[in-house]
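As provided, data_25.cif (mmCIF, C-alpha atoms and all ligand atoms) reads as follows.
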```
data_coords
#
loop_
_atom_site.label_atom_id
_atom_site.label_comp_id
_atom_site.auth_asym_id
_atom_site.auth_seq_id
_atom_site.Cartn_x
_atom_site.Cartn_y
_atom_site.Cartn_z
CA MET D 1 128.92 78.62 87.91
CA THR D 2 129.95 81.39 85.53
CA ILE D 3 128.04 84.60 86.06
CA SER D 4 127.72 85.67 82.43
CA MET D 5 124.88 83.76 80.87
CA ASP D 6 123.08 84.11 77.58
CA ALA D 7 119.40 83.56 76.95
CA THR D 8 119.90 80.02 75.55
CA GLU D 9 121.87 78.93 78.59
CA LEU D 10 119.25 80.40 80.87
CA ARG D 11 116.59 78.43 79.00
CA TYR D 12 118.51 75.18 79.58
CA LEU D 13 118.67 75.80 83.30
CA THR D 14 115.12 76.95 83.91
CA TYR D 15 111.54 76.07 83.15
CA SER D 16 108.28 77.92 83.17
CA ARG D 17 105.75 76.45 85.51
CA GLY D 18 102.64 77.35 83.59
CA ASP D 19 100.38 75.05 85.57
CA ILE D 20 101.03 77.08 88.71
CA CYS D 21 98.25 79.40 87.58
CA ASP D 22 95.74 76.65 86.79
CA ARG D 23 94.00 77.01 90.08
CA THR D 24 93.26 80.71 89.82
CA ILE D 25 90.51 82.45 87.83
CA ASP D 26 90.08 80.81 84.42
CA THR D 27 91.58 83.15 81.81
CA ASP D 28 89.74 81.44 78.93
CA TYR D 29 86.51 82.35 80.66
CA LEU D 30 87.68 85.94 81.17
CA GLN D 31 88.65 86.35 77.54
CA HIS D 32 85.36 84.95 76.39
CA ASP D 33 83.01 86.63 78.84
CA CYS D 34 84.77 89.94 79.44
CA PRO D 35 85.99 91.15 76.05
CA LEU D 36 87.90 94.41 75.95
CA ASP D 37 87.16 96.54 72.93
CA GLN D 38 90.65 97.94 72.42
CA THR D 39 91.46 97.36 68.79
CA THR D 40 94.98 98.67 68.96
CA SER D 41 97.68 98.81 71.58
CA ASN D 42 99.07 101.97 70.00
CA SER D 43 98.26 105.26 71.62
CA PRO D 44 95.52 107.25 69.89
CA THR D 45 96.98 109.84 67.54
CA ILE D 46 96.18 113.56 67.43
CA TYR D 47 94.40 112.79 64.17
CA HIS D 48 92.09 110.34 65.92
CA MET D 49 91.40 112.85 68.67
CA GLN D 50 90.51 115.62 66.22
CA ASP D 51 88.15 113.25 64.51
CA ALA D 52 86.13 112.89 67.69
CA THR D 53 84.32 116.12 68.46
CA ALA D 54 81.87 115.38 71.28
CA SER D 55 82.10 117.75 74.24
CA LEU D 56 83.89 116.53 77.35
CA GLY D 57 82.00 119.05 79.49
CA GLN D 58 84.12 120.64 82.22
CA PHE D 59 87.13 118.59 81.13
CA ASP D 60 87.34 120.73 77.98
CA ARG D 61 88.42 123.69 80.12
CA LEU D 62 91.37 121.85 81.60
CA PRO D 63 94.78 121.21 80.07
CA LEU D 64 95.07 117.65 78.68
CA GLU D 65 97.68 116.64 81.29
CA THR D 66 95.40 117.68 84.15
CA THR D 67 92.47 115.74 82.68
CA GLN D 68 94.68 112.69 82.21
CA ASN D 69 95.88 113.02 85.78
CA ILE D 70 92.32 113.13 87.10
CA LEU D 71 91.24 110.15 85.00
CA SER D 72 94.26 108.11 86.06
CA ASN D 73 93.09 108.46 89.64
CA LEU D 74 89.51 107.35 89.00
CA ASP D 75 88.59 103.81 89.90
CA LEU D 76 88.73 101.34 87.02
CA SER D 77 84.96 100.70 87.02
CA THR D 78 84.19 104.39 86.54
CA LEU D 79 86.97 104.71 83.98
CA THR D 80 85.57 101.81 81.97
CA LEU D 81 82.10 103.37 82.10
CA LEU D 82 83.51 106.71 80.96
CA ARG D 83 85.04 105.05 77.91
CA SER D 84 81.54 104.24 76.70
CA ILE D 85 80.28 107.84 76.86
CA SER D 86 81.67 109.04 73.55
CA ARG D 87 84.36 108.32 71.01
CA ARG D 88 86.33 111.26 72.32
CA MET D 89 86.20 110.10 75.94
CA ASN D 90 87.06 106.62 74.75
CA LEU D 91 90.21 107.90 73.05
CA LEU D 92 91.07 110.07 76.01
CA VAL D 93 90.93 107.12 78.42
CA ASP D 94 92.94 105.00 75.98
CA SER D 95 95.58 107.71 75.89
CA LEU D 96 96.30 107.40 79.62
CA PRO D 97 99.81 105.93 79.91
CA ALA D 98 98.91 103.72 82.91
CA TYR D 99 95.75 102.40 81.23
CA GLN D 100 97.61 101.74 77.97
CA LYS D 101 100.32 99.71 79.67
CA VAL D 102 97.80 97.62 81.56
CA VAL D 103 95.63 96.90 78.52
CA THR D 104 98.65 96.07 76.37
CA HIS D 105 100.59 93.91 78.81
CA SER D 106 98.05 92.44 81.17
CA PRO D 107 94.50 92.62 79.80
CA ASN D 108 93.46 89.59 81.85
CA ALA D 109 94.25 91.39 85.10
CA LEU D 110 91.94 94.22 84.05
CA ARG D 111 89.28 91.68 83.00
CA ALA D 112 89.56 89.91 86.35
CA LEU D 113 89.14 93.17 88.29
CA LEU D 114 86.14 94.19 86.16
CA SER D 115 84.48 90.77 86.20
CA THR D 116 84.74 90.43 89.97
CA HIS D 117 83.73 94.09 90.57
CA ALA D 118 86.98 94.63 92.49
CA ALA D 119 87.74 97.31 89.88
CA GLN D 120 85.62 99.78 91.85
CA HIS D 121 88.31 99.91 94.54
CA PHE D 122 91.41 100.52 92.42
CA THR D 123 92.72 102.98 89.85
CA ALA D 124 94.62 102.53 86.59
CA ASN D 125 97.67 103.82 88.47
CA ASP D 126 97.26 101.14 91.17
CA LEU D 127 97.20 98.39 88.58
CA HIS D 128 100.06 99.91 86.61
CA ASN D 129 102.18 100.13 89.78
CA ALA D 130 101.48 96.47 90.52
CA LEU D 131 102.39 95.56 86.94
CA ARG D 132 105.76 97.32 87.22
CA ALA D 133 106.52 95.81 90.61
CA GLN D 134 108.33 92.46 90.82
CA ASP D 135 108.29 91.60 94.48
CA CYS D 136 105.50 90.06 96.50
CA PHE D 137 104.16 92.86 98.71
CA LEU D 138 104.35 90.59 101.75
CA CYS D 139 107.61 88.65 101.57
CA GLY D 140 109.73 90.41 98.92
CA HIS D 141 110.31 87.35 96.69
CA PHE D 142 109.26 87.52 93.06
CA GLY D 143 105.46 87.36 92.88
CA ALA D 144 103.71 85.86 89.85
CA PHE D 145 100.15 86.70 90.89
CA LEU D 146 97.91 89.71 91.26
CA TYR D 147 95.98 89.59 94.51
CA LEU D 148 92.73 91.23 93.45
CA LEU D 149 91.56 92.37 96.89
CA GLU D 150 94.65 94.56 97.29
CA CYS D 151 95.52 95.08 93.63
CA ARG D 152 99.07 94.16 94.57
CA ARG D 153 101.55 91.51 93.51
CA CYS D 154 102.02 88.39 95.59
CA CYS D 155 103.86 85.08 95.36
CA TRP D 156 102.43 81.56 95.38
CA GLN D 157 103.61 80.90 98.90
CA CYS D 158 101.87 83.94 100.38
CA LEU D 159 98.79 83.49 98.21
CA THR D 160 98.28 79.96 99.47
CA SER D 161 99.27 80.36 103.09
CA ASP D 162 99.18 83.92 104.41
CA GLU D 163 96.32 84.46 106.87
CA ASP D 164 95.71 88.07 105.83
CA LEU D 165 95.19 87.05 102.19
CA LEU D 166 92.43 84.53 102.92
CA PRO D 167 89.24 85.77 101.28
CA ILE D 168 86.31 85.43 103.69
CA SER D 169 82.67 86.07 102.98
CA GLN D 170 81.66 89.69 103.44
CA SER D 171 78.42 88.74 105.17
CA SER D 172 80.19 86.53 107.73
CA ALA D 173 82.68 89.32 108.45
CA LYS D 174 79.81 91.77 108.85
CA ILE D 175 78.05 89.56 111.38
CA MET D 176 81.11 88.44 113.27
CA TYR D 177 82.71 91.87 113.57
CA ARG D 178 79.43 93.78 113.70
CA PHE D 179 80.46 96.21 111.00
CA ASP D 180 78.12 99.03 110.03
CA ALA D 181 77.37 99.67 106.35
CA GLN D 182 79.96 102.44 106.08
CA THR D 183 82.77 100.29 107.43
CA VAL D 184 81.84 97.43 105.12
CA ALA D 185 81.81 99.73 102.09
CA ARG D 186 85.39 100.79 102.79
CA ILE D 187 86.78 97.24 102.72
CA PRO D 188 87.71 96.16 99.15
CA MET D 189 85.32 93.43 98.02
CA LEU D 190 85.02 91.12 95.05
CA LEU D 191 82.31 88.83 93.75
CA SER D 192 83.57 85.30 93.21
CA ILE D 193 83.37 83.91 89.69
CA PRO D 194 81.61 80.52 89.78
CA GLY D 195 83.59 77.70 88.29
CA SER D 196 86.15 75.14 89.21
CA TYR D 197 89.42 76.14 90.78
CA GLY D 198 91.61 73.13 90.24
CA LEU D 199 94.13 71.79 87.78
CA LYS D 200 93.06 72.89 84.32
CA GLN D 201 93.13 69.53 82.57
CA ARG D 202 90.76 68.24 85.22
CA ARG D 203 88.28 71.08 85.09
CA LEU D 204 84.90 70.22 83.70
CA PRO D 205 83.45 73.09 81.65
CA HIS D 206 79.83 71.93 82.01
CA LEU D 207 79.94 72.83 85.69
CA ARG D 208 79.75 76.49 84.84
CA LEU D 209 76.48 75.85 83.06
CA LYS D 210 75.07 74.38 86.21
CA GLY D 211 75.21 77.83 87.71
CA GLY D 212 76.88 78.71 90.92
CA VAL D 213 76.67 81.35 93.55
CA ARG D 214 78.61 84.58 93.47
CA VAL D 215 79.78 85.33 96.95
CA ALA D 216 81.03 88.72 98.09
CA LEU D 217 84.52 88.15 99.50
CA VAL D 218 86.83 90.43 101.48
CA ALA D 219 90.39 89.86 102.65
CA TYR D 220 90.62 88.52 106.19
CA GLY D 221 93.51 90.91 106.92
CA ALA D 222 91.54 93.95 105.74
CA ALA D 223 88.48 92.94 107.78
CA ARG D 224 90.59 92.43 110.86
CA LYS D 225 92.26 95.82 110.43
CA ALA D 226 88.87 97.50 110.06
CA ARG D 227 87.81 95.72 113.21
CA VAL D 228 90.80 97.04 115.15
CA ARG D 229 90.18 100.57 113.82
CA SER D 230 86.51 100.55 114.87
CA GLN D 231 87.55 99.59 118.44
CA LEU D 232 84.03 98.52 119.28
CA HIS D 233 84.78 95.06 120.57
CA ASP D 234 87.77 92.96 121.38
CA LEU D 235 88.94 90.69 118.63
CA LEU D 236 87.41 87.28 118.91
CA SER D 237 89.64 84.32 119.28
CA GLN D 238 89.44 81.63 116.63
CA ASP D 239 87.62 83.97 114.29
CA TYR D 240 89.89 82.85 111.44
CA GLU D 241 88.79 79.23 111.55
CA LYS D 242 85.16 80.20 111.99
CA LEU D 243 85.18 82.63 109.06
CA LYS D 244 86.94 80.08 106.89
CA LEU D 245 84.26 77.51 107.61
CA GLU D 246 81.38 79.93 107.04
CA THR D 247 82.88 81.00 103.72
CA ARG D 248 83.01 77.39 102.61
CA ILE D 249 79.33 77.00 103.42
CA ALA D 250 78.47 80.27 101.62
CA LEU D 251 80.39 79.17 98.52
CA ARG D 252 78.70 75.83 98.44
CA GLY D 253 75.38 77.61 98.08
CA PRO D 254 72.28 75.72 97.08
CA LEU D 255 74.20 73.50 94.70
CA SER D 256 74.81 69.84 94.76
CA GLN D 257 77.90 68.43 96.37
CA ASP D 258 79.64 67.70 93.09
CA PHE D 259 79.88 71.43 92.37
CA MET D 260 81.88 71.81 95.56
CA TRP D 261 83.80 68.70 94.63
CA GLU D 262 85.04 70.34 91.45
CA MET D 263 85.59 73.75 92.95
CA ASP D 264 87.64 72.31 95.72
CA CYS D 265 91.23 72.07 94.60
CA MET D 266 92.13 69.44 97.15
CA ASN D 267 90.21 66.58 95.63
CA TYR D 268 92.37 65.95 92.61
CA ASP D 269 95.53 67.52 93.82
CA PRO D 270 97.60 65.61 96.40
CA ALA D 271 100.15 68.42 96.63
CA GLY D 272 97.43 70.94 97.43
CA TYR D 273 95.91 68.56 99.90
CA GLU D 274 99.20 68.07 101.72
CA ALA D 275 100.02 71.77 101.68
CA GLY D 276 96.60 72.62 103.10
CA TYR D 277 95.58 75.16 100.47
CA GLY D 278 93.18 72.66 98.98
CA LEU D 279 91.01 73.36 101.95
CA GLU D 280 90.73 77.03 101.02
CA PRO D 281 89.64 77.18 97.38
CA GLN D 282 88.46 80.76 97.80
CA ARG D 283 92.09 81.89 97.91
CA PHE D 284 92.27 81.27 94.16
CA MET D 285 89.10 83.23 93.45
CA ALA D 286 90.95 86.42 94.38
CA ALA D 287 94.03 85.89 92.25
CA ILE D 288 95.21 85.74 88.68
CA ARG D 289 98.57 84.98 87.12
CA PHE D 290 100.24 88.31 86.50
CA PRO D 291 103.31 89.19 84.45
CA THR D 292 105.82 91.82 85.48
CA LEU D 293 106.62 94.69 83.15
CA ILE D 294 110.36 95.23 82.77
CA THR D 295 110.42 98.98 82.17
CA SER D 296 113.87 99.05 80.53
CA THR D 297 112.75 96.74 77.71
CA ASP D 298 108.97 97.37 77.83
CA ALA D 299 108.50 93.58 77.76
CA VAL D 300 106.80 91.32 80.26
CA GLU D 301 108.14 88.31 82.13
CA TRP D 302 105.96 85.65 83.77
CA GLY D 303 108.61 84.12 86.01
CA VAL D 304 110.79 81.04 85.65
CA SER D 305 111.81 78.28 88.05
CA CYS D 306 115.15 76.53 88.57
CA LEU D 307 115.55 73.10 86.91
CA GLY D 308 118.46 72.26 89.17
CA CYS D 309 116.34 72.77 92.26
CA LEU D 310 113.62 70.60 90.75
CA GLU D 311 115.99 67.86 89.61
CA ARG D 312 117.80 67.66 92.91
CA ALA D 313 114.73 67.99 95.10
CA LYS D 314 114.34 65.16 97.56
CA ASP D 315 111.11 63.21 97.41
CA GLY D 316 108.26 65.31 98.74
CA ASP D 317 110.30 68.47 98.49
CA GLU D 318 109.28 69.31 94.92
CA GLU D 319 106.36 71.46 95.92
CA ARG D 320 108.61 73.85 97.82
CA PHE D 321 110.94 74.31 94.84
CA TRP D 322 108.17 74.60 92.29
CA ASN D 323 106.84 77.50 94.25
CA MET D 324 109.97 79.58 93.86
CA GLN D 325 109.82 81.68 90.74
CA TYR D 326 112.21 84.36 89.55
CA THR D 327 112.60 87.04 86.90
CA SER D 328 115.48 86.39 84.45
CA GLU D 329 117.66 88.73 86.44
CA GLY D 330 116.64 87.12 89.73
CA MET D 331 117.31 83.68 88.23
CA VAL D 332 120.85 84.63 87.19
CA LYS D 333 121.49 85.66 90.79
CA HIS D 334 119.91 82.44 92.07
CA LEU D 335 122.05 80.31 89.75
CA GLU D 336 125.21 81.98 91.01
CA GLN D 337 124.68 80.35 94.37
CA CYS D 338 122.42 77.38 93.62
CA GLN D 339 124.41 74.25 94.48
CA LYS D 340 121.70 72.07 93.05
CA ALA D 341 121.81 73.69 89.62
CA ALA D 342 125.62 73.46 89.57
CA CYS D 343 125.51 69.67 89.76
CA SER D 344 122.44 69.07 87.61
CA TRP D 345 122.33 67.51 84.16
CA ALA D 346 121.09 70.84 82.80
CA ASN D 347 124.34 72.46 83.88
CA ASP D 348 126.33 69.64 82.24
CA ARG D 349 124.59 70.49 78.98
CA VAL D 350 125.46 74.16 79.33
CA THR D 351 129.10 73.23 79.98
CA GLU D 352 129.04 71.07 76.83
CA LEU D 353 127.61 73.97 74.85
CA ARG D 354 130.38 76.29 75.98
CA LYS D 355 133.09 73.83 74.91
CA ARG D 356 131.84 73.81 71.32
ZN ZN D 401 105.22 86.33 99.19
ZN ZN D 402 118.16 76.38 92.04
#
```

Transcribe the structure of this file into structure tokens.
Ligand SMILES: [Zn+2]
Ligand SMILES: [Zn+2]
Amino acid sequence: MTISMDATELRYLTYSRGDICDRTIDTDYLQHDCPLDQTTSNSPTIYHMQDATASLGQFDRLPLETTQNILSNLDLSTLTLLRSISRRMNLLVDSLPAYQKVVTHSPNALRALLSTHAAQHFTANDLHNALRAQDCFLCGHFGAFLYLLECRRCCWQCLTSDEDLLPISQSSAKIMYRFDAQTVARIPMLLSIPGSYGLKQRRLPHLRLKGGVRVALVAYGAARKARVRSQLHDLLSQDYEKLKLETRIALRGPLSQDFMWEMDCMNYDPAGYEAGYGLEPQRFMAAIRFPTLITSTDAVEWGVSCLGCLERAKDGDEERFWNMQYTSEGMVKHLEQCQKAACSWANDRVTELRKR
């Protein structure tokens, strides 16, 4: 396959697997229930700043760059609260480069962190760094998701199967590992958003109205690390399976079985059932689809998949190929060596195009 490739050719050979994010936190819900009040993505002008005259207290004594530096390192919950103090503070927060990029390019990631309360553990810089990254922090492949409990980018494969990324209930971890309050407070936590975590077209909106419990979740890997650090007891064997089970019970809450039925991705999703992630719906409560910011163009990419791989996949193999996503640049590299794409009908079409 020829290396040089224009955007049209790339489009012929790839597809965007939008449904891959259907199982994670519902973005329609986030947009509706967690509105952000930014009216413009442009940075506030000097004129705007002069217009706002409220005192910033001690911050007024510091150079603007120092103040911005301090604010960029505050956790996102505090930063959001600060924005509501005065018009001037609002503009100052909006002027932070990291905050601006996040609000402009990935508002839903910010909404997800705020709505789940995970925002208290991470800064605007953390989220901005994750936005600019492309690789999954665990395996190095392109990652199309933000893992909220680490505020880092991860791929579908790691999100659905890595032990360390399994969200477990905070209370079960506390009991099983006998954490004291201080240790627990140091482990990033989020509150689950009730709802159904399955394929979007099969979600039933009325279920949200039926209520649902919000369970405090922590990452299994983070809890285990805290356990090793505290050195109080030996690690228990089979704690993973036990914590997984207890989290399921906690998430079920006082609700009827059909709530669990909907929340559980496995019921309507044979692929998820076979792959095993249907048994761990809480994995999707800690993730959201997340674009990557290409700094050279200041544009975002959501990831594309290879049509050749899909077309040539043997029966039952589709799931594995669907899961592989790439940036445009990564896809060009993939196509250079993808045998399947080279003998696919999509490639025949590209060859036809070039002859014209
Ligand atoms: Zn990965
Ligand atoms: Zn391929």

Nearby residues, (121.4, 69.2, 81.2) file frame, 12 Å, all atoms listed in the file, as a PDB file with C-alpha atoms, in the frame of the given file:
```
ATOM      1  CA  GLU D   9     121.870  78.930  78.590  1.00  0.00           C
ATOM      2  CA  LEU D  10     119.250  80.400  80.870  1.00  0.00           C
ATOM      3  CA  ARG D  11     116.590  78.430  79.000  1.00  0.00           C
ATOM      4  CA  TYR D  12     118.510  75.180  79.580  1.00  0.00           C
ATOM      5  CA  LEU D  13     118.670  75.800  83.300  1.00  0.00           C
ATOM      6  CA  THR D  14     115.120  76.950  83.910  1.00  0.00           C
ATOM      7  CA  LEU D 307     115.550  73.100  86.910  1.00  0.00           C
ATOM      8  CA  GLY D 308     118.460  72.260  89.170  1.00  0.00           C
ATOM      9  CA  GLU D 311     115.990  67.860  89.610  1.00  0.00           C
ATOM     10  CA  ALA D 341     121.810  73.690  89.620  1.00  0.00           C
ATOM     11  CA  ALA D 342     125.620  73.460  89.570  1.00  0.00           C
ATOM     12  CA  CYS D 343     125.510  69.670  89.760  1.00  0.00           C
ATOM     13  CA  SER D 344     122.440  69.070  87.610  1.00  0.00           C
ATOM     14  CA  TRP D 345     122.330  67.510  84.160  1.00  0.00           C
ATOM     15  CA  ALA D 346     121.090  70.840  82.800  1.00  0.00           C
ATOM     16  CA  ASN D 347     124.340  72.460  83.880  1.00  0.00           C
ATOM     17  CA  ASP D 348     126.330  69.640  82.240  1.00  0.00           C
ATOM     18  CA  ARG D 349     124.590  70.490  78.980  1.00  0.00           C
ATOM     19  CA  VAL D 350     125.460  74.160  79.330  1.00  0.00           C
ATOM     20  CA  THR D 351     129.100  73.230  79.980  1.00  0.00           C
ATOM     21  CA  GLU D 352     129.040  71.070  76.830  1.00  0.00           C
ATOM     22  CA  LEU D 353     127.610  73.970  74.850  1.00  0.00           C
TER      23      LEU D 353
END
```

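Atom CA of D:Asp33 is found 13.0 Å from atom CA of D:Pro107.
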
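The gap separating atom CA of D:Pro35 from atom CA of D:Thr292 is 22.0 Å, in Å to one decimal.
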
Practice item. Quick one: pull the distance between atom CA of D:Cys338 and atom CA of D:Asp298, Å, one decimal. Key: 28.8 Å

Check every protein, DNA and RNA residue against ligand ZN 401 (chain D), keep those with an atom at most 8 Å away (counting all atoms listed in the file), and present them as a JSON list (two decimals) with C-alpha atoms, keeping the file's coordinate frame.
```
[["chain", "number", "residue", "atom", "x", "y", "z"],
["D", 135, "ASP", "CA", 108.29, 91.60, 94.48],
["D", 136, "CYS", "CA", 105.50, 90.06, 96.50],
["D", 137, "PHE", "CA", 104.16, 92.86, 98.71],
["D", 138, "LEU", "CA", 104.35, 90.59, 101.75],
["D", 139, "CYS", "CA", 107.61, 88.65, 101.57],
["D", 140, "GLY", "CA", 109.73, 90.41, 98.92],
["D", 141, "HIS", "CA", 110.31, 87.35, 96.69],
["D", 142, "PHE", "CA", 109.26, 87.52, 93.06],
["D", 143, "GLY", "CA", 105.46, 87.36, 92.88],
["D", 154, "CYS", "CA", 102.02, 88.39, 95.59],
["D", 155, "CYS", "CA", 103.86, 85.08, 95.36],
["D", 156, "TRP", "CA", 102.43, 81.56, 95.38],
["D", 157, "GLN", "CA", 103.61, 80.90, 98.90],
["D", 158, "CYS", "CA", 101.87, 83.94, 100.38],
["D", 159, "LEU", "CA", 98.79, 83.49, 98.21]]
```

Point to revise | For D:Gln282, the nearest of the candidates D:Tyr147, D:Tyr197, D:Tyr177, D:Tyr15, counting all atoms listed in the file | key: D:Tyr197

Exercise for review: Counting only C-alpha atoms, figure out which residue out of D:Lys355, D:Arg152, D:His105, D:Arg111 gets nearest to D:Thr80.
Suggested key: D:Arg111

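Residue nearest D:Ala109, chosen from D:Ile70, D:Val184, D:Ala222, D:Leu30 and counting all atoms listed in the file: D:Leu30.
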
Check your understanding: Which residue, D:Ser305, D:Thr327, D:Ser171, D:Asn73, has the smallest gap to ligand ZN 402 (chain D) when you use only C-alpha atoms and all ligand atoms?
Key -> D:Ser305

Point to revise | Near-D:Ala98 list (7 Å; only C-alpha atoms; drop same-chain fewer than 6 positions) as a PyMOL selection string | key: chain D and resi 124-125+128

Point to revise | Selection: 10 Å around D:Tyr326, all atoms listed in the file, excl. self and same-chain fewer than 2 positions, as a list in words | key: Thr14, Ser16, Gln134, Asp135, His141, Phe142, Gly143, Ala144, Glu301, Trp302, Gly303, Val304, Ser305, Cys306, Asn323, Met324, Ser328, Glu329, Gly330, Met331, Val332, Lys333 and His334 of chain D

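The closest residue to D:Arg248, picked from D:Ile193, D:Ala286, D:Ile168, D:Val218 and counting only C-alpha atoms, is D:Ile168.
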
Review point. So which residues touch D:Leu74 within 6 Å, counting all atoms listed in the file, skipping near sequence neighbours fewer than 2 positions away, as a PyMOL selection string?
Key: chain D and resi 71-72+123

Please write the residues from the selection above to a file, keeping C-alpha atoms, as a PDB file, in the coordinates of the input.
```pdb
ATOM      1  CA  LEU D  71      91.240 110.150  85.000  1.00  0.00           C
ATOM      2  CA  SER D  72      94.260 108.110  86.060  1.00  0.00           C
ATOM      3  CA  THR D 123      92.720 102.980  89.850  1.00  0.00           C
TER       4      THR D 123
END
```

Check your understanding: How would you write as a VMD selection string the residues that get within 12 Å of (87.9, 95.1, 104.1) in the file's frame, counting only C-alpha atoms?
Key -> chain D and resid 118 121 149 to 150 164 to 171 173 to 174 177 179 181 to 190 216 to 229

Revision key, fill the gap. Judged by all atoms listed in the file, the minimum distance to D:Phe284 among D:Arg354, D:Arg17, D:Arg87, D:Arg23 is found for D:Arg23

Starting from the incomplete input, reconstruct N, CA and C atoms of stretch 125-136 of chain D and report them as a PDB file, in the frame of the given file.
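Once everything was written out, this is result-v1.pdb:
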```pdb
ATOM      1  N   ASN D 125      96.326 103.666  87.898  1.00  0.00           N
ATOM      2  CA  ASN D 125      97.670 103.820  88.470  1.00  0.00           C
ATOM      3  C   ASN D 125      98.008 102.679  89.429  1.00  0.00           C
ATOM      4  N   ASP D 126      97.025 102.259  90.242  1.00  0.00           N
ATOM      5  CA  ASP D 126      97.260 101.140  91.170  1.00  0.00           C
ATOM      6  C   ASP D 126      97.692  99.893  90.400  1.00  0.00           C
ATOM      7  N   LEU D 127      96.922  99.600  89.340  1.00  0.00           N
ATOM      8  CA  LEU D 127      97.200  98.390  88.580  1.00  0.00           C
ATOM      9  C   LEU D 127      98.528  98.498  87.832  1.00  0.00           C
ATOM     10  N   HIS D 128      98.802  99.682  87.314  1.00  0.00           N
ATOM     11  CA  HIS D 128     100.060  99.910  86.610  1.00  0.00           C
ATOM     12  C   HIS D 128     101.253  99.749  87.569  1.00  0.00           C
ATOM     13  N   ASN D 129     101.110 100.274  88.783  1.00  0.00           N
ATOM     14  CA  ASN D 129     102.180 100.130  89.780  1.00  0.00           C
ATOM     15  C   ASN D 129     102.431  98.661  90.112  1.00  0.00           C
ATOM     16  N   ALA D 130     101.330  97.913  90.234  1.00  0.00           N
ATOM     17  CA  ALA D 130     101.480  96.470  90.520  1.00  0.00           C
ATOM     18  C   ALA D 130     102.155  95.764  89.357  1.00  0.00           C
ATOM     19  N   LEU D 131     101.816  96.184  88.143  1.00  0.00           N
ATOM     20  CA  LEU D 131     102.390  95.560  86.940  1.00  0.00           C
ATOM     21  C   LEU D 131     103.903  95.792  86.876  1.00  0.00           C
ATOM     22  N   ARG D 132     104.331  97.001  87.279  1.00  0.00           N
ATOM     23  CA  ARG D 132     105.760  97.320  87.220  1.00  0.00           C
ATOM     24  C   ARG D 132     106.541  96.719  88.382  1.00  0.00           C
ATOM     25  N   ALA D 133     105.821  96.384  89.463  1.00  0.00           N
ATOM     26  CA  ALA D 133     106.520  95.810  90.610  1.00  0.00           C
ATOM     27  C   ALA D 133     106.936  94.373  90.289  1.00  0.00           C
ATOM     28  N   GLN D 134     107.915  93.860  91.013  1.00  0.00           N
ATOM     29  CA  GLN D 134     108.330  92.460  90.820  1.00  0.00           C
ATOM     30  C   GLN D 134     108.159  91.649  92.087  1.00  0.00           C
ATOM     31  N   ASP D 135     108.272  92.328  93.209  1.00  0.00           N
ATOM     32  CA  ASP D 135     108.290  91.600  94.480  1.00  0.00           C
ATOM     33  C   ASP D 135     106.895  91.435  95.070  1.00  0.00           C
ATOM     34  N   CYS D 136     106.712  90.306  95.722  1.00  0.00           N
ATOM     35  CA  CYS D 136     105.500  90.060  96.500  1.00  0.00           C
ATOM     36  C   CYS D 136     105.416  91.132  97.587  1.00  0.00           C
TER      37      CYS D 136
END
```
